[in-house]
Amino acid sequence: PSDLILTNVATSTATLSWTDNASGDVQETTIYILRSTDNSSYSVISTLAADTLTTQVTGLTPNKTYYFKVSASNVSGSGLSSAVSSSTH
């Protein structure tokens with residue numbers, strides 16, 4: 001995944017979207033959404049179906065900075081996006 005974008009950031013929610021870079025015969029089988037509050041230690045907060053390009057992130061705390069990454073996995077391994085961050089309102 002690449003081009004990770006965080007939009008519609010509100011008090012406790014945000015929309016996360018990305019570009020799917022899979023091509024050819026080796027497509028992703030699972031998408032993982034990872035979240036951090038320190039841009040160092042990330043936890044998987046959601047597991048999504050292949051070919052998903054956007055998700056709603058919920059359960060955020062107001063006035064806090066969050067960092068997100070997206071990981072796609074398949075039979076060959078996994079790929080991780082760069083981090084994107086935003087502060088909630």
# chains A, B, ... in the order shown; residues from 1 in each chain; ligands from 1
$ select_by_dssp --residues "chain A" --states "strand (DSSP E)" --output "number ranges by chain"
A: 2-7, 14-19, 30-36, 43-49, 54-57, 65-74, 77-80, 84-87
$ residues_around --residues "Thr54 in chain A" --least-positions-apart "6" --cutoff "9 Å" --atoms "only C-alpha atoms" --output "ChimeraX atom specification"
/A:15-18
$ closest_residue --among "A:Ile5, A:Ala22, A:Val57, A:Ala10" --to "Asn74 in chain A" --atoms "only C-alpha atoms"
A:Ala22
$ closest_residue --among "A:Thr30, A:Ser2, A:Ser76, A:Thr11" --to "Ala50 in chain A" --atoms "only C-alpha atoms"
A:Thr30
$ residues_around --residues "Ala83 in chain A" --least-positions-apart "2" --cutoff "8 Å" --atoms "only C-alpha atoms" --output "PyMOL selection string"
chain A and resi 4+39+67-69+81+85
$ atom_distance --atom1 "CA of Val70 in chain A" --atom2 "CA of Ser82 in chain A"
7.9 Å
$ closest_residue --among "A:Gly77, A:Tyr66, A:Thr55, A:Thr13" --to "Ser41 in chain A" --atoms "only C-alpha atoms"
A:Tyr66
$ atom_distance --atom1 "CA of Ser86 in chain A" --atom2 "CA of Leu34 in chain A"
13.9 Å
$ closest_residue --among "A:Asn8, A:Thr52, A:Ser36, A:Thr19" --to "Val84 in chain A" --atoms "only C-alpha atoms"
A:Ser36
$ atom_distance --atom1 "CA of Thr88 in chain A" --atom2 "CA of Thr65 in chain A"
6.5 Å
$ closest_residue --among "A:Asn63, A:Ser12, A:Ser46, A:Thr7" --to "Ile31 in chain A" --atoms "only C-alpha atoms"
A:Ser46
$ decode --residues "range 10-25 of chain A" --atoms "N, CA, C and O atoms" --output "tab-separated table (two decimals), in the first residue's frame"
chain	number	residue	atom	x	y	z
A	10	ALA	N	-12.14	13.86	13.06
A	10	ALA	CA	-13.08	14.48	13.99
A	10	ALA	C	-12.64	14.16	15.41
A	10	ALA	O	-11.50	13.78	15.65
A	11	THR	N	-13.55	14.29	16.35
A	11	THR	CA	-13.23	14.05	17.76
A	11	THR	C	-12.80	12.62	18.02
A	11	THR	O	-11.82	12.37	18.70
A	12	SER	N	-13.51	11.66	17.45
A	12	SER	CA	-13.20	10.26	17.76
A	12	SER	C	-13.13	9.35	16.53
A	12	SER	O	-12.99	8.15	16.66
A	13	THR	N	-13.20	9.94	15.33
A	13	THR	CA	-13.16	9.14	14.11
A	13	THR	C	-12.31	9.82	13.04
A	13	THR	O	-12.04	11.02	13.10
A	14	ALA	N	-11.92	9.03	12.04
A	14	ALA	CA	-11.20	9.54	10.88
A	14	ALA	C	-11.36	8.52	9.75
A	14	ALA	O	-11.66	7.35	10.00
A	15	THR	N	-11.15	8.97	8.52
A	15	THR	CA	-11.20	8.08	7.37
A	15	THR	C	-9.79	7.89	6.85
A	15	THR	O	-9.07	8.85	6.62
A	16	LEU	N	-9.41	6.65	6.67
A	16	LEU	CA	-8.09	6.28	6.18
A	16	LEU	C	-8.24	5.66	4.80
A	16	LEU	O	-9.06	4.77	4.60
A	17	SER	N	-7.45	6.14	3.83
A	17	SER	CA	-7.51	5.57	2.48
A	17	SER	C	-6.09	5.44	1.93
A	17	SER	O	-5.16	6.09	2.39
A	18	TRP	N	-5.93	4.57	0.93
A	18	TRP	CA	-4.61	4.26	0.39
A	18	TRP	C	-4.74	3.73	-1.02
A	18	TRP	O	-5.81	3.43	-1.51
A	19	THR	N	-3.58	3.59	-1.68
A	19	THR	CA	-3.50	3.03	-3.03
A	19	THR	C	-3.05	1.58	-2.94
A	19	THR	O	-2.12	1.26	-2.21
A	20	ASP	N	-3.72	0.72	-3.69
A	20	ASP	CA	-3.37	-0.70	-3.75
A	20	ASP	C	-2.29	-0.86	-4.82
A	20	ASP	O	-2.49	-0.55	-5.98
A	21	ASN	N	-1.12	-1.37	-4.43
A	21	ASN	CA	-0.01	-1.54	-5.36
A	21	ASN	C	0.15	-2.97	-5.88
A	21	ASN	O	1.10	-3.26	-6.60
A	22	ALA	N	-0.75	-3.85	-5.50
A	22	ALA	CA	-0.65	-5.25	-5.94
A	22	ALA	C	-0.87	-5.33	-7.45
A	22	ALA	O	-1.68	-4.60	-8.02
A	23	SER	N	-0.13	-6.23	-8.09
A	23	SER	CA	-0.29	-6.41	-9.52
A	23	SER	C	0.08	-7.83	-9.91
A	23	SER	O	0.72	-8.55	-9.15
A	24	GLY	N	-0.35	-8.23	-11.07
A	24	GLY	CA	0.00	-9.56	-11.57
A	24	GLY	C	-0.72	-10.67	-10.83
A	24	GLY	O	-1.82	-10.49	-10.32
A	25	ASP	N	-0.05	-11.79	-10.72
A	25	ASP	CA	-0.64	-12.97	-10.10
A	25	ASP	C	-0.59	-12.95	-8.58
A	25	ASP	O	-1.27	-13.73	-7.92
